[in-house]
Amino acid sequence: MTPQPPLGILDANTLEELSRVICGDDNLYYRKGFEIARFLEHAGWQRVPEYDGEYRRQWTLARLTERREDPTELEKVLLRLADPREYLDEPDQLPAVITAVNAFLVHEGARLENPGGRPRVVPCDPSLAHPGSQGPVELRAVMTDLIRDRTMAALLQHRLDEARTCYANGAHVAAIIMLGSLLEGVLVHVVQERDASLLGRTSPDRVNLDTLIKTCHDSGWIGADVERFCHELRRYRNFVHPRAEIREAHAPDRDTLDMCWPVVNAVLNDLADSQQKAA
């Protein structure tokens with residue numbers, strides 16, 4: 001199954017915001033007029049006209065509008081904005097630029113990410129829009145790196161986006177439950193796709209998260225430290241049952257969530273690393 005391209009024809013307001021980020025207004029990475037033309041060339045554009053001294057944003061918007069009917073050309077610009085090589089003199093600017101882009105790009109049903117320094121545009125649900133919302137720890141992999149089943153990869157990516165929205169809006173328990181659900185979904189499909197025999201006669205629909213965590217650790221796909229903290233997340237995931245939360249006598253807060261989120265990121269990163277080693 002071929003994944004659908006994440007970008008369509010971008011709205012005019014989106015192009016205006018994109019031109020703002022490229023120019024570096026509002027304390028973002030600043031580019032002079034001739035540097036904007038060079039940026040577009042570095043993005044892979046051919047036949048970029050020479051900068052003529054016009055107002056920077058107007059000139060940039062005109063160039064983007066000229067290629068509005070070609071989403072591939074605009075995706076090149078987005079990918080270059082998330083490329084660390086664009087910020088060798090000011091590397092700290094990169095996260096701010098990605099956050100600024102995602103604040104408006106999410107309304108187009110897409111998201112700019114930079115896992116492991118490899119920029120990409122991935123689909124996301126516009127209904128989950130929250131300006132600038134990001135996971136609190138760097139993620140070096142996306143779902144399509146780990147899950148061959150494109151339908152499942154998209155579903156799990158959606159859950160990750162939902163968890164981000166919960167995180168950004170203070171829904172701590174909901175975010176933790178969503179992260180636990182995401183963890184279970186990723187692990188069961190990784191085991192199925194890498195070595196289904198590890199599940200024995202147990203149906204993927206009936207295997208529990210505890211078994212999945214241990215199986216992935218025993219197979220060398222996640223580290224011992226990650227395994228240990230996965231079990232803590234599993235315990236909090238069980239708060240989907242209100243009585244479990246009552247028994248624990250603990251209401252998860254932002255600090256709890258800040259400890260759980262890196263667990264999921266670490267699992268995804270470990271799975272990606274182990275997959276590369278096996279390749």
# chains A, B, ... in the order shown; residues from 1 in each chain; ligands from 1

$ residues_around --residues "Trp261 of chain A" --least-positions-apart "5" --cutoff "12 Å" --atoms "only C-alpha atoms" --output "number ranges by chain"
A: 134-139, 160, 163-164, 166-167, 172-173, 175-180, 182-183, 226, 229-230, 232-233, 236-237, 254-256, 266-268

$ write_last_selection --atoms "C-alpha atoms" --output "JSON list (two decimals), in the first residue's frame"
[["chain", "number", "residue", "atom", "x", "y", "z"],
["A", 134, "GLN", "CA", 5.75, 18.98, 20.58],
["A", 135, "GLY", "CA", 6.74, 15.95, 22.53],
["A", 136, "PRO", "CA", 9.14, 16.98, 25.32],
["A", 137, "VAL", "CA", 11.96, 14.66, 24.21],
["A", 138, "GLU", "CA", 13.55, 14.24, 20.79],
["A", 139, "LEU", "CA", 12.09, 11.40, 18.77],
["A", 160, "LEU", "CA", 0.81, 9.97, 19.14],
["A", 163, "ALA", "CA", -1.16, 12.29, 23.14],
["A", 164, "ARG", "CA", 0.63, 15.50, 22.13],
["A", 166, "CYS", "CA", -3.48, 15.98, 25.66],
["A", 167, "TYR", "CA", 0.02, 16.93, 26.84],
["A", 172, "HIS", "CA", -2.35, 14.31, 32.02],
["A", 173, "VAL", "CA", -4.20, 11.05, 32.69],
["A", 175, "ALA", "CA", -2.13, 11.52, 27.70],
["A", 176, "ILE", "CA", -0.64, 8.72, 29.79],
["A", 177, "ILE", "CA", -3.42, 6.31, 28.81],
["A", 178, "MET", "CA", -2.93, 7.25, 25.16],
["A", 179, "LEU", "CA", 0.83, 6.69, 25.43],
["A", 180, "GLY", "CA", 0.24, 3.26, 26.98],
["A", 182, "LEU", "CA", 0.40, 3.56, 21.61],
["A", 183, "LEU", "CA", 3.14, 1.51, 23.28],
["A", 226, "VAL", "CA", 13.77, 1.03, 28.70],
["A", 229, "PHE", "CA", 10.45, 2.07, 32.75],
["A", 230, "CYS", "CA", 8.01, 0.54, 30.28],
["A", 232, "GLU", "CA", 5.99, 1.84, 35.07],
["A", 233, "LEU", "CA", 4.14, 3.29, 32.10],
["A", 236, "TYR", "CA", -0.09, 4.04, 34.85],
["A", 237, "ARG", "CA", -1.80, 2.97, 31.62],
["A", 254, "ARG", "CA", 2.39, 16.98, 34.65],
["A", 255, "ASP", "CA", 5.51, 15.60, 36.34],
["A", 256, "THR", "CA", 4.18, 12.06, 35.96],
["A", 266, "ALA", "CA", 13.01, 5.68, 24.09],
["A", 267, "VAL", "CA", 11.09, 2.58, 22.96],
["A", 268, "LEU", "CA", 10.60, 3.97, 19.47]]

$ residues_around --residues "Asp270 of chain A" --least-positions-apart "3" --cutoff "9 Å" --atoms "only C-alpha atoms" --output "list in words"
Trp221, Ile222, Gly223, Val226, Asn265, Ala266, Val267, Asp273, Ser274 and Gln275 of chain A

$ write_last_selection --atoms "N, CA and C atoms" --output "JSON list (two decimals), in the first residue's frame"
[["chain", "number", "residue", "atom", "x", "y", "z"],
["A", 221, "TRP", "N", 15.60, -5.87, 21.26],
["A", 221, "TRP", "CA", 15.06, -4.74, 20.51],
["A", 221, "TRP", "C", 14.92, -3.49, 21.35],
["A", 222, "ILE", "N", 14.81, -3.64, 22.67],
["A", 222, "ILE", "CA", 14.80, -2.50, 23.58],
["A", 222, "ILE", "C", 15.76, -2.80, 24.72],
["A", 223, "GLY", "N", 16.35, -1.75, 25.28],
["A", 223, "GLY", "CA", 17.34, -1.91, 26.34],
["A", 223, "GLY", "C", 16.73, -2.25, 27.69],
["A", 226, "VAL", "N", 15.06, 0.73, 29.33],
["A", 226, "VAL", "CA", 13.77, 1.03, 28.70],
["A", 226, "VAL", "C", 12.71, 0.03, 29.16],
["A", 265, "ASN", "N", 9.25, 7.54, 23.73],
["A", 265, "ASN", "CA", 10.26, 7.96, 22.78],
["A", 265, "ASN", "C", 11.46, 7.02, 22.78],
["A", 266, "ALA", "N", 11.87, 6.59, 23.99],
["A", 266, "ALA", "CA", 13.01, 5.68, 24.09],
["A", 266, "ALA", "C", 12.71, 4.34, 23.45],
["A", 267, "VAL", "N", 11.48, 3.85, 23.60],
["A", 267, "VAL", "CA", 11.09, 2.58, 22.96],
["A", 267, "VAL", "C", 11.17, 2.72, 21.45],
["A", 273, "ASP", "N", 16.71, 1.74, 16.21],
["A", 273, "ASP", "CA", 18.13, 1.39, 16.21],
["A", 273, "ASP", "C", 18.35, -0.10, 15.97],
["A", 274, "SER", "N", 17.54, -0.92, 16.64],
["A", 274, "SER", "CA", 17.69, -2.36, 16.48],
["A", 274, "SER", "C", 17.29, -2.80, 15.07],
["A", 275, "GLN", "N", 16.36, -2.10, 14.48],
["A", 275, "GLN", "CA", 15.96, -2.44, 13.12],
["A", 275, "GLN", "C", 17.07, -2.11, 12.13]]

$ atom_distance --atom1 "atom CA of Arg68 of chain A" --atom2 "atom CA of Glu50 of chain A"
19.2 Å

$ atom_distance --atom1 "atom CA of Glu113 of chain A" --atom2 "atom CA of Thr151 of chain A"
19.7 Å

$ select_by_dssp --residues "segment 3-206 of chain A" --states "helix (DSSP H, G or I)" --output "PyMOL selection string"
chain A and resi 12-23+33-42+56-66+71-81+84-87+93-108+115-117+126-128+143-146+150-168+172-199

$ residues_around --residues "Pro71 of chain A" --least-positions-apart "2" --cutoff "12 Å" --atoms "only C-alpha atoms" --output "PyMOL selection string"
chain A and resi 5-11+15+64-69+73-78+108+121

$ residues_around --residues "Gly53 of chain A" --least-positions-apart "3" --cutoff "12 Å" --atoms "only C-alpha atoms" --output "ChimeraX atom specification"
/A:32-37,49-50,56-60

$ write_last_selection --atoms "N, CA and C atoms" --output "PDB file, in the first residue's frame"
ATOM      1  N   LYS A  32      18.633  37.495   4.879  1.00  0.00           N
ATOM      2  CA  LYS A  32      18.599  38.656   3.989  1.00  0.00           C
ATOM      3  C   LYS A  32      18.012  38.230   2.642  1.00  0.00           C
ATOM      4  N   GLY A  33      17.696  39.215   1.820  1.00  0.00           N
ATOM      5  CA  GLY A  33      17.046  38.913   0.546  1.00  0.00           C
ATOM      6  C   GLY A  33      17.812  37.926  -0.303  1.00  0.00           C
ATOM      7  N   PHE A  34      19.097  38.154  -0.500  1.00  0.00           N
ATOM      8  CA  PHE A  34      19.875  37.244  -1.341  1.00  0.00           C
ATOM      9  C   PHE A  34      20.020  35.871  -0.682  1.00  0.00           C
ATOM     10  N   GLU A  35      19.957  35.828   0.671  1.00  0.00           N
ATOM     11  CA  GLU A  35      20.042  34.550   1.377  1.00  0.00           C
ATOM     12  C   GLU A  35      18.769  33.730   1.193  1.00  0.00           C
ATOM     13  N   ILE A  36      17.637  34.420   0.995  1.00  0.00           N
ATOM     14  CA  ILE A  36      16.379  33.707   0.750  1.00  0.00           C
ATOM     15  C   ILE A  36      16.444  32.998  -0.603  1.00  0.00           C
ATOM     16  N   ALA A  37      16.957  33.694  -1.604  1.00  0.00           N
ATOM     17  CA  ALA A  37      17.114  33.065  -2.919  1.00  0.00           C
ATOM     18  C   ALA A  37      18.044  31.868  -2.830  1.00  0.00           C
ATOM     19  N   PRO A  49      14.724  33.071  -9.477  1.00  0.00           N
ATOM     20  CA  PRO A  49      15.131  34.396  -9.958  1.00  0.00           C
ATOM     21  C   PRO A  49      16.022  35.111  -8.940  1.00  0.00           C
ATOM     22  N   GLU A  50      16.825  36.003  -9.423  1.00  0.00           N
ATOM     23  CA  GLU A  50      17.695  36.776  -8.548  1.00  0.00           C
ATOM     24  C   GLU A  50      16.863  37.739  -7.714  1.00  0.00           C
ATOM     25  N   ARG A  56      11.275  41.664   1.470  1.00  0.00           N
ATOM     26  CA  ARG A  56      11.643  40.251   1.538  1.00  0.00           C
ATOM     27  C   ARG A  56      10.427  39.334   1.554  1.00  0.00           C
ATOM     28  N   ARG A  57       9.457  39.647   2.417  1.00  0.00           N
ATOM     29  CA  ARG A  57       8.301  38.747   2.528  1.00  0.00           C
ATOM     30  C   ARG A  57       7.461  38.754   1.263  1.00  0.00           C
ATOM     31  N   GLN A  58       7.328  39.917   0.634  1.00  0.00           N
ATOM     32  CA  GLN A  58       6.559  39.971  -0.609  1.00  0.00           C
ATOM     33  C   GLN A  58       7.254  39.160  -1.704  1.00  0.00           C
ATOM     34  N   TRP A  59       8.569  39.292  -1.782  1.00  0.00           N
ATOM     35  CA  TRP A  59       9.317  38.544  -2.800  1.00  0.00           C
ATOM     36  C   TRP A  59       9.221  37.048  -2.540  1.00  0.00           C
ATOM     37  N   THR A  60       9.362  36.656  -1.266  1.00  0.00           N
ATOM     38  CA  THR A  60       9.304  35.240  -0.913  1.00  0.00           C
ATOM     39  C   THR A  60       7.914  34.664  -1.172  1.00  0.00           C
TER      40      THR A  60
END

$ atom_distance --atom1 "atom CA of Arg20 of chain A" --atom2 "atom CA of Arg120 of chain A"
20.2 Å

$ select_by_dssp --residues "segment 110-278 of chain A" --states "strand (DSSP E)" --output "ChimeraX atom specification"
/A:110-113,120-123

$ closest_residue --among "A:Ala224, A:Ala43, A:Leu209, A:Val97" --to "Glu17 of chain A" --atoms "only C-alpha atoms"
A:Val97

$ closest_residue --among "A:Leu271, A:Val101, A:Leu156, A:Cys260" --to "Ile213 of chain A" --atoms "only C-alpha atoms"
A:Leu271

$ closest_residue --among "A:Ala174, A:Val264, A:Leu187, A:Ala196" --to "Pro242 of chain A" --atoms "only C-alpha atoms"
A:Ala174
